[in-house]
file entry35.txt (compact mmCIF, C-alpha atoms and all ligand atoms)
# COMPACT_ATOMS: atom_id res chain seq x y z
CA MET A 1 25.70 93.34 38.71
CA ARG A 2 27.58 91.86 41.59
CA TYR A 3 29.54 94.12 43.89
CA ALA A 4 31.45 93.86 47.13
CA VAL A 5 30.95 96.94 49.28
CA ILE A 6 33.47 97.81 52.00
CA SER A 7 33.78 100.78 54.34
CA ASP A 8 35.51 102.05 57.47
CA VAL A 9 38.78 100.19 57.06
CA HIS A 10 40.48 102.60 59.48
CA ALA A 11 44.06 101.62 58.70
CA ASN A 12 43.52 98.00 59.78
CA LEU A 13 45.63 96.19 57.16
CA GLU A 14 45.07 92.65 58.46
CA ALA A 15 41.27 93.07 58.35
CA LEU A 16 41.44 94.66 54.89
CA GLU A 17 43.67 91.95 53.43
CA ALA A 18 41.44 89.19 54.87
CA VAL A 19 38.36 90.83 53.35
CA ILE A 20 39.99 91.35 49.93
CA LYS A 21 41.11 87.70 49.95
CA ASP A 22 37.56 86.56 50.75
CA ILE A 23 36.11 88.81 48.02
CA LYS A 24 38.53 87.42 45.42
CA ARG A 25 37.15 83.89 45.93
CA ARG A 26 33.79 85.18 44.72
CA LYS A 27 32.84 86.52 41.32
CA VAL A 28 32.38 90.24 41.79
CA LYS A 29 32.36 92.89 39.09
CA GLU A 30 33.91 95.57 41.26
CA ILE A 31 34.76 96.49 44.86
CA LEU A 32 33.21 99.74 46.09
CA PHE A 33 34.84 101.54 49.03
CA LEU A 34 32.68 103.98 51.01
CA GLY A 35 35.31 105.88 52.99
CA ASP A 36 37.39 106.07 56.16
CA ALA A 37 40.52 104.40 54.87
CA VAL A 38 42.51 105.89 57.77
CA GLY A 39 42.15 106.87 61.45
CA TYR A 40 42.26 104.55 64.51
CA GLY A 41 44.63 101.91 63.06
CA PRO A 42 48.39 101.54 62.48
CA ASN A 43 48.66 101.15 58.66
CA PRO A 44 47.13 104.14 56.84
CA ASN A 45 49.61 104.17 53.92
CA GLU A 46 49.49 100.41 53.38
CA CYS A 47 45.68 100.38 53.44
CA LEU A 48 45.48 103.20 50.90
CA LYS A 49 47.71 101.16 48.58
CA VAL A 50 45.57 98.02 48.89
CA LEU A 51 42.35 100.02 48.45
CA SER A 52 43.65 101.89 45.39
CA ASP A 53 44.86 98.64 43.82
CA ASN A 54 41.59 96.81 44.36
CA CYS A 55 38.61 99.18 44.38
CA GLY A 56 36.76 100.64 41.41
CA VAL A 57 35.20 103.40 43.51
CA LEU A 58 36.96 105.16 46.40
CA LEU A 59 35.13 107.61 48.66
CA ALA A 60 36.49 109.68 51.55
CA GLY A 61 35.05 109.62 55.07
CA ASN A 62 35.27 112.07 57.96
CA HIS A 63 38.48 110.51 59.31
CA ASP A 64 40.10 110.77 55.87
CA TRP A 65 39.11 114.42 55.67
CA ALA A 66 40.30 115.02 59.23
CA ALA A 67 43.67 113.44 58.43
CA ILE A 68 44.25 115.92 55.61
CA GLY A 69 42.81 118.92 57.45
CA LEU A 70 39.56 119.24 55.46
CA THR A 71 37.28 118.86 58.47
CA GLU A 72 37.43 119.88 62.14
CA ILE A 73 38.28 117.31 64.80
CA ASP A 74 36.72 119.22 67.71
CA TYR A 75 33.77 116.82 67.75
CA PHE A 76 35.99 113.69 67.71
CA ASN A 77 36.37 111.93 71.05
CA GLU A 78 39.83 112.09 72.64
CA TYR A 79 40.92 108.67 71.31
CA ALA A 80 39.82 109.37 67.75
CA LYS A 81 41.53 112.74 67.97
CA ALA A 82 44.79 111.19 69.20
CA ALA A 83 44.66 108.68 66.35
CA ILE A 84 44.08 111.43 63.78
CA LEU A 85 47.06 113.42 65.06
CA TRP A 86 49.17 110.22 64.80
CA THR A 87 47.80 109.57 61.28
CA ARG A 88 48.64 113.10 60.10
CA LYS A 89 52.28 112.44 60.93
CA ALA A 90 52.30 108.94 59.44
CA LEU A 91 50.68 109.75 56.08
CA THR A 92 53.04 110.21 53.15
CA GLU A 93 52.73 113.32 50.99
CA LYS A 94 51.65 111.12 48.09
CA ASN A 95 48.80 109.64 50.13
CA ARG A 96 47.74 113.03 51.44
CA LYS A 97 47.33 114.12 47.81
CA LEU A 98 45.59 110.86 46.93
CA LEU A 99 43.01 111.29 49.73
CA LYS A 100 42.20 114.77 48.42
CA THR A 101 41.02 113.19 45.15
CA PHE A 102 38.40 110.95 46.85
CA PRO A 103 34.84 112.37 46.63
CA ILE A 104 32.47 111.96 49.61
CA ILE A 105 29.47 111.02 47.46
CA LYS A 106 29.09 109.29 44.10
CA ASP A 107 26.09 108.61 41.92
CA MET A 108 26.36 105.31 40.02
CA LYS A 109 23.57 106.09 37.58
CA ASN A 110 24.09 102.96 35.46
CA GLU A 111 23.25 100.82 38.50
CA ASN A 112 20.67 103.18 40.03
CA MET A 113 22.77 103.44 43.21
CA LEU A 114 24.00 106.34 45.31
CA LEU A 115 27.17 105.87 47.36
CA VAL A 116 27.96 108.13 50.31
CA HIS A 117 30.01 107.76 53.50
CA SER A 118 27.55 109.46 55.87
CA THR A 119 24.07 110.48 54.62
CA PRO A 120 22.53 111.62 51.33
CA LYS A 121 20.96 114.64 53.05
CA GLU A 122 24.14 116.48 54.01
CA PRO A 123 27.18 114.34 53.18
CA GLU A 124 29.69 116.95 54.40
CA ALA A 125 27.98 117.33 57.80
CA TRP A 126 28.84 113.71 58.66
CA HIS A 127 25.49 112.93 60.29
CA TYR A 128 24.82 109.39 61.46
CA LEU A 129 21.86 107.39 60.23
CA PHE A 130 20.70 105.29 63.19
CA THR A 131 16.90 105.35 63.36
CA LEU A 132 13.99 104.74 61.02
CA TRP A 133 13.18 108.43 61.38
CA ASP A 134 16.70 109.31 60.14
CA ALA A 135 16.08 106.89 57.27
CA GLU A 136 12.67 108.39 56.43
CA ILE A 137 14.21 111.86 56.12
CA ASN A 138 17.09 110.61 54.00
CA PHE A 139 14.90 108.61 51.59
CA HIS A 140 13.67 112.02 50.41
CA TYR A 141 17.20 113.15 49.53
CA PHE A 142 17.96 110.59 46.82
CA ASP A 143 16.06 109.17 43.86
CA GLU A 144 18.04 106.01 43.27
CA TRP A 145 16.91 102.48 44.03
CA LEU A 146 19.74 101.85 46.50
CA CYS A 147 21.74 104.12 48.75
CA LEU A 148 24.93 102.55 50.12
CA ILE A 149 26.41 104.10 53.25
CA GLY A 150 29.01 103.46 55.99
CA HIS A 151 30.09 105.70 58.91
CA SER A 152 28.28 104.14 61.93
CA HIS A 153 30.13 100.80 61.58
CA LEU A 154 26.76 99.01 62.02
CA PRO A 155 25.61 96.72 59.20
CA PHE A 156 21.91 97.03 58.33
CA VAL A 157 19.42 97.17 55.49
CA ILE A 158 16.39 99.46 55.62
CA GLU A 159 13.73 98.65 53.02
CA ARG A 160 11.09 101.25 52.21
CA LEU A 161 7.92 99.98 50.58
CA PRO A 162 5.89 102.23 48.23
CA SER A 163 3.35 102.57 51.08
CA GLY A 164 6.05 104.20 53.24
CA GLU A 165 6.30 101.20 55.56
CA MET A 166 9.88 100.31 56.49
CA LEU A 167 11.51 96.98 57.29
CA THR A 168 15.01 96.32 58.65
CA PHE A 169 17.42 93.42 58.19
CA ASN A 170 20.86 92.76 59.61
CA LYS A 171 22.11 89.58 57.96
CA GLU A 172 20.69 89.41 54.46
CA ALA A 173 17.83 90.82 52.44
CA ALA A 174 15.99 90.19 49.18
CA LEU A 175 16.09 93.32 46.99
CA LYS A 176 12.82 94.08 45.21
CA LYS A 177 12.56 96.41 42.23
CA ASN A 178 9.55 98.32 43.56
CA ASP A 179 11.03 99.03 47.00
CA ARG A 180 13.95 101.30 47.87
CA TYR A 181 16.81 100.65 50.21
CA ILE A 182 19.42 102.22 52.45
CA ILE A 183 22.21 99.73 53.10
CA ASN A 184 25.04 100.22 55.59
CA CYS A 185 27.79 97.76 54.64
CA GLY A 186 29.31 97.66 58.14
CA SER A 187 32.97 98.19 59.00
CA THR A 188 35.95 96.19 57.81
CA GLY A 189 38.50 97.57 60.25
CA GLN A 190 36.54 98.40 63.43
CA PRO A 191 33.14 96.62 63.68
CA ARG A 192 30.81 97.96 66.38
CA ASP A 193 27.96 95.43 66.35
CA ARG A 194 29.59 93.20 69.00
CA ASP A 195 30.97 90.86 66.34
CA PRO A 196 34.72 91.56 66.09
CA LYS A 197 35.05 89.86 62.69
CA ALA A 198 35.67 92.17 59.71
CA CYS A 199 32.48 92.99 57.81
CA TYR A 200 31.57 93.74 54.19
CA ALA A 201 28.49 93.45 51.98
CA LEU A 202 27.89 91.41 48.83
CA LEU A 203 25.34 92.87 46.48
CA SER A 204 23.58 91.38 43.45
CA GLU A 205 20.47 92.38 41.48
CA ASP A 206 18.02 90.79 43.85
CA ARG A 207 19.87 90.06 47.06
CA MET A 208 22.40 91.39 49.50
CA GLU A 209 24.21 89.74 52.38
CA PHE A 210 26.73 90.69 55.00
CA VAL A 211 29.90 88.62 55.11
CA ARG A 212 32.03 88.29 58.26
CA VAL A 213 35.71 87.41 58.02
CA GLU A 214 38.18 86.41 60.73
CA TYR A 215 41.54 88.15 60.65
CA ASP A 216 44.75 88.30 62.69
CA ARG A 217 43.46 90.83 65.21
CA GLU A 218 46.37 90.29 67.61
CA LYS A 219 48.83 91.33 64.93
CA THR A 220 46.93 94.59 64.37
CA GLN A 221 46.71 95.22 68.11
CA LYS A 222 50.45 94.60 68.57
CA LYS A 223 51.21 97.17 65.86
CA MET A 224 48.84 99.64 67.52
CA ARG A 225 50.63 99.20 70.87
CA GLU A 226 53.99 99.74 69.19
CA ALA A 227 52.68 102.87 67.48
CA GLY A 228 51.49 104.23 70.84
CA LEU A 229 47.84 104.42 69.77
CA PRO A 230 45.26 104.68 72.62
CA LEU A 231 44.58 101.50 74.59
CA GLN A 232 40.82 101.99 74.24
CA LEU A 233 41.13 101.73 70.45
CA ILE A 234 43.22 98.56 70.77
CA GLU A 235 40.81 96.85 73.17
CA ARG A 236 37.63 97.67 71.27
CA LEU A 237 38.82 95.56 68.33
CA SER A 238 38.53 92.45 70.55
CA ARG A 239 34.99 93.34 71.61
CA GLY A 240 33.68 94.55 68.28
CA THR A 241 32.33 97.72 69.85
ZN ZN B 1 34.48 105.16 60.43

call {"tool": "encode", "arguments": {"input": "entry35.txt", "output": "structure tokens", "more": "lines below"}}
Ligand code: ZN
result
Amino acid sequence: MRYAVISDVHANLEALEAVIKDIKRRKVKEILFLGDAVGYGPNPNECLKVLSDNCGVLLAGNHDWAAIGLTEIDYFNEYAKAAILWTRKALTEKNRKLLKTFPIIKDMKNENMLLVHSTPKEPEAWHYLFTLWDAEINFHYFDEWLCLIGHSHLPFVIERLPSGEMLTFNKEAALKKNDRYIINCGSTGQPRDRDPKACYALLSEDRMEFVRVEYDREKTQKKMREAGLPLQLIERLSRGT
């Protein structure tokens, strides 16, 4: 098993293409996508094409559901809301239908992994998993060895030992058969851990690491300005917040 795991592309085509290019230099069995193809960025249709062409698993996130009217946007902040309204107009009918086919959770039994955009506990409630307490609760809602998530745009690994003790990692981690893990693969299109480089995770039987990739951020930001997307969303790409 060797997978690349990507999430939260958010219609950032330059970041997605740079990540796919980096992944192709490595020997991976499959690319797994954990949701939020659209929202925030200027290229929702183009990103859906690249994702469909390259990923073996495609999940939907809350922004994808919001863009096709499957979830409320009342709880979105004003910038996210503005971007979703822009995305609804930009999406082609074909891509609207395509997004409806993406599940929000997938059990990869053959690999003993659960994939979900938000949390195993209540995937459709779009909760965030930030703390070790959140993790402790969620470890009781799946049986698999690994749970791969996205949503918060923060890359981390939480390892739970049989004793219940938990350890965290944010660059790489050894994966042990007797422990269980929740892994957030970070965000390709809008990182929020103060590193503006695109992020994804590489996963093998006994190890995982986060990979950071430079991309042409200015090109993405120029397209966002031309599309009239909120300035705050444009500027945060430079900060990685
Ligand atoms: Zn997201």

call {"tool": "atom_distance", "arguments": {"input": "entry35.txt", "atom1": "atom CA of Glu209 of chain A", "atom2": "atom CA of Ile183 of chain A"}}
result
10.2 Å

call {"tool": "residues_near_ligand", "arguments": {"input": "entry35.txt", "ligand": "ligand ZN 1 (chain B)", "cutoff": "8 Å", "atoms": "all atoms listed in the file", "output": "JSON, numbers by chain"}}
result
{"A": [7, 8, 9, 10, 35, 36, 39, 61, 62, 63, 150, 151, 152, 153, 187, 190]}

call {"tool": "closest_residue", "arguments": {"input": "entry35.txt", "among": "A:Leu98, A:Ala135, A:Leu91, A:Ile31", "to": "Met1 of chain A", "atoms": "all atoms listed in the file"}}
result
A:Ile31

call {"tool": "residues_around", "arguments": {"input": "entry35.txt", "residues": "Thr188 of chain A", "least_positions_apart": "4", "cutoff": "10 Å", "atoms": "only C-alpha atoms", "output": "list in words"}}
result
Val5, Ile6, Ser7, Asp8, Val9, His10, Ala11, Asn12, Leu13, Glu14, Ala15, Leu16, Glu17, Ala18, Val19, Ala37, His153, Pro196, Lys197, Ala198, Cys199, Tyr200, Ala201, Arg212 and Val213 of chain A

call {"tool": "closest_residue", "arguments": {"input": "entry35.txt", "among": "A:Ala227, A:Leu202, A:Ala66, A:Ala173", "to": "Glu30 of chain A", "atoms": "all atoms listed in the file"}}
result
A:Leu202

call {"tool": "residues_around", "arguments": {"input": "entry35.txt", "residues": "segment 121-127 of chain A", "least_positions_apart": "3", "cutoff": "6 Å", "atoms": "all atoms listed in the file", "output": "ChimeraX atom specification"}}
result
/A:118,138,141

call {"tool": "write_last_selection", "arguments": {"input": "entry35.txt", "atoms": "C-alpha atoms", "output": "PDB file, in the frame of the given file"}}
result
ATOM      1  CA  SER A 118      27.550 109.460  55.870  1.00  0.00           C
ATOM      2  CA  ASN A 138      17.090 110.610  54.000  1.00  0.00           C
ATOM      3  CA  TYR A 141      17.200 113.150  49.530  1.00  0.00           C
TER       4      TYR A 141
END

call {"tool": "residues_around", "arguments": {"input": "entry35.txt", "residues": "Lys81 of chain A", "least_positions_apart": "6", "cutoff": "12 Å", "atoms": "all atoms listed in the file", "output": "PyMOL selection string"}}
result
chain A and resi 39-40+62-63+66-67+72-75+87-88+229-230+233

call {"tool": "closest_residue", "arguments": {"input": "entry35.txt", "among": "A:Asp179, A:Glu205, A:Glu214, A:Asp193", "to": "Pro155 of chain A", "atoms": "all atoms listed in the file"}}
result
A:Asp193

call {"tool": "closest_residue", "arguments": {"input": "entry35.txt", "among": "A:Arg160, A:Lys49, A:Arg180, A:Arg236", "to": "Met224 of chain A", "atoms": "all atoms listed in the file"}}
result
A:Arg236

call {"tool": "residues_around", "arguments": {"input": "entry35.txt", "residues": "Lys177 of chain A", "least_positions_apart": "3", "cutoff": "12 Å", "atoms": "only C-alpha atoms", "output": "number ranges by chain"}}
result
A: 112, 144-146, 159-162, 174, 180-181, 205-207

call {"tool": "write_last_selection", "arguments": {"input": "entry35.txt", "atoms": "C-alpha atoms", "output": "CSV table (one decimal), in the coordinates of the input"}}
result
chain,number,residue,atom,x,y,z
A,112,ASN,CA,20.7,103.2,40.0
A,144,GLU,CA,18.0,106.0,43.3
A,145,TRP,CA,16.9,102.5,44.0
A,146,LEU,CA,19.7,101.8,46.5
A,159,GLU,CA,13.7,98.6,53.0
A,160,ARG,CA,11.1,101.2,52.2
A,161,LEU,CA,7.9,100.0,50.6
A,162,PRO,CA,5.9,102.2,48.2
A,174,ALA,CA,16.0,90.2,49.2
A,180,ARG,CA,14.0,101.3,47.9
A,181,TYR,CA,16.8,100.6,50.2
A,205,GLU,CA,20.5,92.4,41.5
A,206,ASP,CA,18.0,90.8,43.8
A,207,ARG,CA,19.9,90.1,47.1

call {"tool": "closest_residue", "arguments": {"input": "entry35.txt", "among": "A:Thr220, A:Tyr3, A:Lys176, A:Cys147", "to": "Gly56 of chain A", "atoms": "all atoms listed in the file"}}
result
A:Tyr3

call {"tool": "closest_residue", "arguments": {"input": "entry35.txt", "among": "A:Cys185, A:Leu132, A:Leu70, A:Ile137", "to": "Glu165 of chain A", "atoms": "all atoms listed in the file"}}
result
A:Leu132

call {"tool": "residues_around", "arguments": {"input": "entry35.txt", "residues": "Gln232 of chain A", "least_positions_apart": "4", "cutoff": "12 Å", "atoms": "all atoms listed in the file", "output": "number ranges by chain"}}
result
A: 40-41, 77-80, 82-83, 221, 224-225, 228, 236-241

call {"tool": "write_last_selection", "arguments": {"input": "entry35.txt", "atoms": "C-alpha atoms", "output": "short mmCIF file (atom, residue, chain, number, x, y, z; two decimals), in the frame of the given file"}}
result
data_model
loop_
_atom_site.label_atom_id
_atom_site.label_comp_id
_atom_site.auth_asym_id
_atom_site.auth_seq_id
_atom_site.Cartn_x
_atom_site.Cartn_y
_atom_site.Cartn_z
CA TYR A 40 42.26 104.55 64.51
CA GLY A 41 44.63 101.91 63.06
CA ASN A 77 36.37 111.93 71.05
CA GLU A 78 39.83 112.09 72.64
CA TYR A 79 40.92 108.67 71.31
CA ALA A 80 39.82 109.37 67.75
CA ALA A 82 44.79 111.19 69.20
CA ALA A 83 44.66 108.68 66.35
CA GLN A 221 46.71 95.22 68.11
CA MET A 224 48.84 99.64 67.52
CA ARG A 225 50.63 99.20 70.87
CA GLY A 228 51.49 104.23 70.84
CA ARG A 236 37.63 97.67 71.27
CA LEU A 237 38.82 95.56 68.33
CA SER A 238 38.53 92.45 70.55
CA ARG A 239 34.99 93.34 71.61
CA GLY A 240 33.68 94.55 68.28
CA THR A 241 32.33 97.72 69.85
#

call {"tool": "atom_distance", "arguments": {"input": "entry35.txt", "atom1": "atom CA of Val38 of chain A", "atom2": "atom CA of Trp65 of chain A"}}
result
9.4 Å

call {"tool": "atom_distance", "arguments": {"input": "entry35.txt", "atom1": "atom CA of Gly186 of chain A", "atom2": "atom CA of Phe210 of chain A"}}
result
8.1 Å

call {"tool": "residues_near_point", "arguments": {"input": "entry35.txt", "point": "(35.8, 110.5, 46.2)", "cutoff": "10 Å", "atoms": "only C-alpha atoms", "output": "VMD selection string"}}
result
chain A and resid 33 to 35 57 to 61 98 to 106 115 to 117
